[in-house]
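Undergrad: Following this message is one structure expressed as structure tokens.
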Amino acid sequence: MPIDYESLTALGAIMGSGGLVVVDEDTCMVDLARYFMNFVQEESCGKCTPCRLGTKAMLDTLTRITQGRGEAGDIEYLAELADAVKTSALCGLGQTAPNPVLTTLRYFHDEYAEHLYGGVCRARVCKGLIRYEIIPELCAGCLVCLRNCTMNAIVGEKLKPHSINYALCGKCGVCKALCKFDAVRVTTGNGYSLKQLDRAIVQ
Amino acid sequence: MVKLEIDNREIRVETGTTILQAARMNGIAIPTLCYHEALEPYAACRLCVVELASARGKLVAACAQPCEEGMDVLTSSPRVQNSRRITAELLMASGAHLPLVEAIAQAMGVQWARYSLPANDCILCGLCVRACDELVGARAISLVKRGLEKQVAAPFEIASAACIGCATCALICPTGAIALADITPAPHSAHDPRTCRVCGEQSLPQKFADVEALLKEEVQPA
């Protein structure tokens, strides 16, 4: 992949700062699009209609999807908005603002559909679609997660497997970061792990 | 003179004519919102976008784009209509209650908006601000803040001393977002107000009350 003006344009990217961003599988592409849209929406001067209102409409739609509150037709609406803002905005900011949406839709359409219709965030980033779970077989009952949980959402006794009270869990990930036994895992998709979900789909 | 094509019709216009002017002179309708014949083009509403077939289908604002030799302009291609539809739909997000926005949306075939924001009478076309600057010369109001918070306001959001109370902004406003309020005597006016002999209230600036002197000024330009 040569890094020159024409090749980047063909990909839907631009030559310039932030034009090309390298991420791994731990980044949710929908959340990434939301992050960049939040940035340009705040930068919009508000003079022209498509950029002032279009970036906000795209941001709200993306936020809705990442929170697991997406509605049928959201992906099509995003694509329509992004195309219209790109072609009709007054200045370069508005004309490039939809690029993160357009490129993630083009190359990671599956991830959008998973968020919207499967309730799955495969990168396990979108808090509305993930759940922390303690694996009883691995949990040593050391109380580290229980003591450090910011929401006091972990219940359990010393040397006995702990469990999470989901009514309190804020999904901050402190328990997973501190667990020395890798007993905390993140699941997505209606409480099932991705592997379970894949298996269910295959069956 | 420049020769160009608008909707496959050959048109000749004076150099410097905008696409919008050329189209309207030839009976081709292009919708506008922030455009006013008496004001400089603003190119902000993006409703007047047209497709330049001669420039790889680029969309430009017809109100601000001067005609160029050999241009091939399409005023109602699918791309143009699509763009206008989304723009109208976005305007409906906070202005669906305004008859003007409703009429525009209806003309574009938009029945309802898939997105909504708190209702706002101001559509930020900037006509009031530009009229106050270009026509009146008072510059009493301006567009303040940015993005979604952008609004029309007097400096520091306090009654402006530069305002002469001419009501041009209220008259030019297409949505009726600017209301007139009788706040005589004008607070901290930079203009010397004239006292009414009957009611004793101060309203009209002395300079504008002296009609004869004003007319002389008009007749004999310095």
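We label chains A, B, ... in the order they appear in the structure tokens, count residues from 1 in each chain, and number ligands from 1 in the order shown.
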Region 50-60 of chain A: which residues within 7 Å, counting only C-alpha atoms, same-chain residues fewer than 4 positions away excluded, as a PyMOL selection string?
TA: (chain A and resi 34+37-38+41+44+46+64+78+81+85+88-89+94) or (chain B and resi 87+90+115+147-148)
Undergrad: Each residue of chain B lying at most 10 Å from chain A should get a row with its shortest atom-to-atom pair and the distance in Å to one decimal, counting only C-alpha atoms; could you produce that, ordered by chain and increasing number, as JSON lines?
TA:
```
{"residue": "B:Cys34", "atom": "CA", "partner": "A:Cys48", "partner_atom": "CA", "distance": 10.0}
{"residue": "B:Tyr42", "atom": "CA", "partner": "A:Lys47", "partner_atom": "CA", "distance": 9.2}
{"residue": "B:Ala43", "atom": "CA", "partner": "A:Leu90", "partner_atom": "CA", "distance": 7.4}
{"residue": "B:Ala44", "atom": "CA", "partner": "A:Cys48", "partner_atom": "CA", "distance": 4.2}
{"residue": "B:Cys45", "atom": "CA", "partner": "A:Thr49", "partner_atom": "CA", "distance": 5.3}
{"residue": "B:Arg46", "atom": "CA", "partner": "A:Ser88", "partner_atom": "CA", "distance": 6.5}
{"residue": "B:Leu47", "atom": "CA", "partner": "A:Thr49", "partner_atom": "CA", "distance": 8.8}
{"residue": "B:Cys48", "atom": "CA", "partner": "A:Ser88", "partner_atom": "CA", "distance": 10.0}
{"residue": "B:Val49", "atom": "CA", "partner": "A:Ser88", "partner_atom": "CA", "distance": 7.2}
{"residue": "B:Val50", "atom": "CA", "partner": "A:Ser88", "partner_atom": "CA", "distance": 9.5}
{"residue": "B:Gly57", "atom": "CA", "partner": "A:Thr87", "partner_atom": "CA", "distance": 9.7}
{"residue": "B:Lys58", "atom": "CA", "partner": "A:Thr87", "partner_atom": "CA", "distance": 7.4}
{"residue": "B:Leu59", "atom": "CA", "partner": "A:Ser88", "partner_atom": "CA", "distance": 6.2}
{"residue": "B:Val60", "atom": "CA", "partner": "A:Ser88", "partner_atom": "CA", "distance": 7.3}
{"residue": "B:Ala61", "atom": "CA", "partner": "A:Leu90", "partner_atom": "CA", "distance": 8.3}
{"residue": "B:Arg79", "atom": "CA", "partner": "A:Ala84", "partner_atom": "CA", "distance": 8.7}
{"residue": "B:Val80", "atom": "CA", "partner": "A:Ser88", "partner_atom": "CA", "distance": 9.0}
{"residue": "B:Asn82", "atom": "CA", "partner": "A:Ala84", "partner_atom": "CA", "distance": 7.3}
{"residue": "B:Ser83", "atom": "CA", "partner": "A:Ala84", "partner_atom": "CA", "distance": 5.1}
{"residue": "B:Arg84", "atom": "CA", "partner": "A:Ala84", "partner_atom": "CA", "distance": 8.5}
{"residue": "B:Arg85", "atom": "CA", "partner": "A:Ala84", "partner_atom": "CA", "distance": 9.0}
{"residue": "B:Ile86", "atom": "CA", "partner": "A:Ala84", "partner_atom": "CA", "distance": 6.6}
{"residue": "B:Thr87", "atom": "CA", "partner": "A:Pro50", "partner_atom": "CA", "distance": 5.9}
{"residue": "B:Ala88", "atom": "CA", "partner": "A:Thr49", "partner_atom": "CA", "distance": 9.0}
{"residue": "B:Glu89", "atom": "CA", "partner": "A:Gly54", "partner_atom": "CA", "distance": 9.7}
{"residue": "B:Leu90", "atom": "CA", "partner": "A:Leu53", "partner_atom": "CA", "distance": 6.1}
{"residue": "B:Leu91", "atom": "CA", "partner": "A:Thr49", "partner_atom": "CA", "distance": 7.2}
{"residue": "B:Ala93", "atom": "CA", "partner": "A:Leu53", "partner_atom": "CA", "distance": 8.2}
{"residue": "B:Ser94", "atom": "CA", "partner": "A:Leu53", "partner_atom": "CA", "distance": 9.2}
{"residue": "B:Arg114", "atom": "CA", "partner": "A:Tyr77", "partner_atom": "CA", "distance": 8.2}
{"residue": "B:Tyr115", "atom": "CA", "partner": "A:Ala57", "partner_atom": "CA", "distance": 6.5}
{"residue": "B:Ser116", "atom": "CA", "partner": "A:Ala57", "partner_atom": "CA", "distance": 8.3}
{"residue": "B:Leu117", "atom": "CA", "partner": "A:Ala57", "partner_atom": "CA", "distance": 9.1}
{"residue": "B:Ile123", "atom": "CA", "partner": "A:Thr49", "partner_atom": "CA", "distance": 8.7}
{"residue": "B:Leu124", "atom": "CA", "partner": "A:Lys47", "partner_atom": "CA", "distance": 7.5}
{"residue": "B:Cys125", "atom": "CA", "partner": "A:Lys47", "partner_atom": "CA", "distance": 8.4}
{"residue": "B:Gly126", "atom": "CA", "partner": "A:Lys47", "partner_atom": "CA", "distance": 8.7}
{"residue": "B:Leu143", "atom": "CA", "partner": "A:Lys47", "partner_atom": "CA", "distance": 9.2}
{"residue": "B:Lys145", "atom": "CA", "partner": "A:Cys45", "partner_atom": "CA", "distance": 8.1}
{"residue": "B:Arg146", "atom": "CA", "partner": "A:Cys45", "partner_atom": "CA", "distance": 4.7}
{"residue": "B:Gly147", "atom": "CA", "partner": "A:Gly46", "partner_atom": "CA", "distance": 3.8}
{"residue": "B:Leu148", "atom": "CA", "partner": "A:Arg52", "partner_atom": "CA", "distance": 6.0}
{"residue": "B:Glu149", "atom": "CA", "partner": "A:Gly46", "partner_atom": "CA", "distance": 7.9}
{"residue": "B:Lys150", "atom": "CA", "partner": "A:Gly46", "partner_atom": "CA", "distance": 6.2}
{"residue": "B:Gln151", "atom": "CA", "partner": "A:Gly46", "partner_atom": "CA", "distance": 9.3}
```
Undergrad: Quick one: DSSP strand (DSSP E or B) residues in region 13-163 of chain A, as a list in words?
TA: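 Selecting the strand (DSSP E or B) positions of region 13-163 of chain A gives Ile130, Arg131, Tyr132, Glu133, Ile134, Ile154, Val155 and Ser163 of chain A.
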Undergrad: Give me a file of those residues, with C-alpha atoms, as a CSV table (one decimal), in the first residue's frame.
TA:
```csv
chain,number,residue,atom,x,y,z
A,130,ILE,CA,-20.7,-5.7,27.0
A,131,ARG,CA,-20.7,-7.4,30.4
A,132,TYR,CA,-18.0,-8.3,32.8
A,133,GLU,CA,-18.1,-11.9,34.2
A,134,ILE,CA,-16.2,-13.7,36.9
A,154,ILE,CA,-18.6,-7.3,43.5
A,155,VAL,CA,-20.0,-9.6,46.1
A,163,SER,CA,-19.8,-12.6,41.5
```
Undergrad: Do you have the CA of Asp210 (chain B)-CA of Arg130 (chain B) distance handy?
TA: 26.6 Å
Undergrad: For Asp31 (chain A), please output as a tab-separated table (two decimals) with all heavy atoms, in the first residue's frame all residues within 9 Å (counting only C-alpha atoms; exclusion window: fewer than 6 positions along the same chain).
TA:
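Result saved to result.tsv:
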```tsv
chain	number	residue	atom	x	y	z
A	62	LEU	N	-24.53	7.60	15.77
A	62	LEU	CA	-23.41	6.72	16.14
A	62	LEU	C	-23.43	6.43	17.63
A	62	LEU	O	-23.21	5.29	18.07
A	62	LEU	CB	-22.08	7.37	15.75
A	62	LEU	CG	-21.75	7.38	14.26
A	62	LEU	CD1	-20.62	8.35	13.98
A	62	LEU	CD2	-21.37	5.99	13.77
A	63	THR	N	-23.69	7.47	18.44
A	63	THR	CA	-23.73	7.29	19.89
A	63	THR	C	-24.81	6.29	20.26
A	63	THR	O	-24.61	5.40	21.10
A	63	THR	CB	-24.01	8.64	20.58
A	63	THR	OG1	-23.06	9.60	20.11
A	63	THR	CG2	-23.89	8.53	22.09
A	65	ILE	N	-25.97	3.88	18.43
A	65	ILE	CA	-25.56	2.51	18.06
A	65	ILE	C	-24.57	1.95	19.08
A	65	ILE	O	-24.70	0.82	19.51
A	65	ILE	CB	-24.95	2.49	16.64
A	65	ILE	CG1	-26.00	2.92	15.61
A	65	ILE	CG2	-24.42	1.10	16.30
A	65	ILE	CD1	-25.45	3.05	14.20
A	66	THR	N	-23.59	2.79	19.50
A	66	THR	CA	-22.58	2.29	20.44
A	66	THR	C	-23.18	2.03	21.82
A	66	THR	O	-22.63	1.29	22.61
A	66	THR	CB	-21.39	3.26	20.60
A	66	THR	OG1	-21.89	4.55	20.99
A	66	THR	CG2	-20.61	3.40	19.32
A	125	VAL	N	-15.78	-2.90	23.42
A	125	VAL	CA	-15.52	-1.52	23.81
A	125	VAL	C	-16.82	-0.81	24.23
A	125	VAL	O	-16.85	-0.11	25.23
A	125	VAL	CB	-14.84	-0.74	22.65
A	125	VAL	CG1	-14.80	0.74	22.96
A	125	VAL	CG2	-13.45	-1.27	22.41
A	126	CYS	N	-17.87	-1.03	23.44
A	126	CYS	CA	-19.12	-0.31	23.66
A	126	CYS	C	-19.82	-0.81	24.92
A	126	CYS	O	-20.31	-1.95	24.96
A	126	CYS	CB	-20.03	-0.44	22.44
A	126	CYS	SG	-19.28	0.25	20.98
```
Undergrad: Report as JSON, numbers by chain all protein, DNA and RNA residues lying within 7 Å of Leu168 (chain A), evaluated on only C-alpha atoms, omitting residues in the same chain fewer than 3 positions from it.
TA: {"A": [151, 153, 165]}
Undergrad: Quick one: pick out all alpha helix (DSSP H) residues within region 1-221 of chain B from a backbone DSSP run and write them as a VMD selection string.
TA: chain B and resid 19 to 25 78 to 95 99 to 108 127 to 130 168 to 172 206 to 209 211 to 219
Undergrad: Within 7 Å of Ile141 (chain B), counting only C-alpha atoms, which residues qualify if same-chain residues fewer than 2 places away don't, as a ChimeraX atom specification?
TA: /B:129,139,152-155
Undergrad: Check the smallest atom-to-atom distance from each of B:Gln111, B:Gln21, B:Asn120, B:Ser54 to Asp72 (chain B) using only C-alpha atoms, then report the winner.
TA: B:Ser54
Undergrad: For Tyr112 (chain A), which residue out of A:Val144, A:Ala33, A:Met15, A:Ile164 is the nearest one, using only C-alpha atoms?
TA: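 Looking only at the distances to Tyr112 (chain A), the closest residue turns out to be A:Ala33.
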Undergrad: Quick one: residues within 12 Å of Asn8 (chain B), only C-alpha atoms, excluding same-chain residues fewer than 6 positions away - as number ranges by chain?
TA: B: 23, 28, 52-54, 70-77
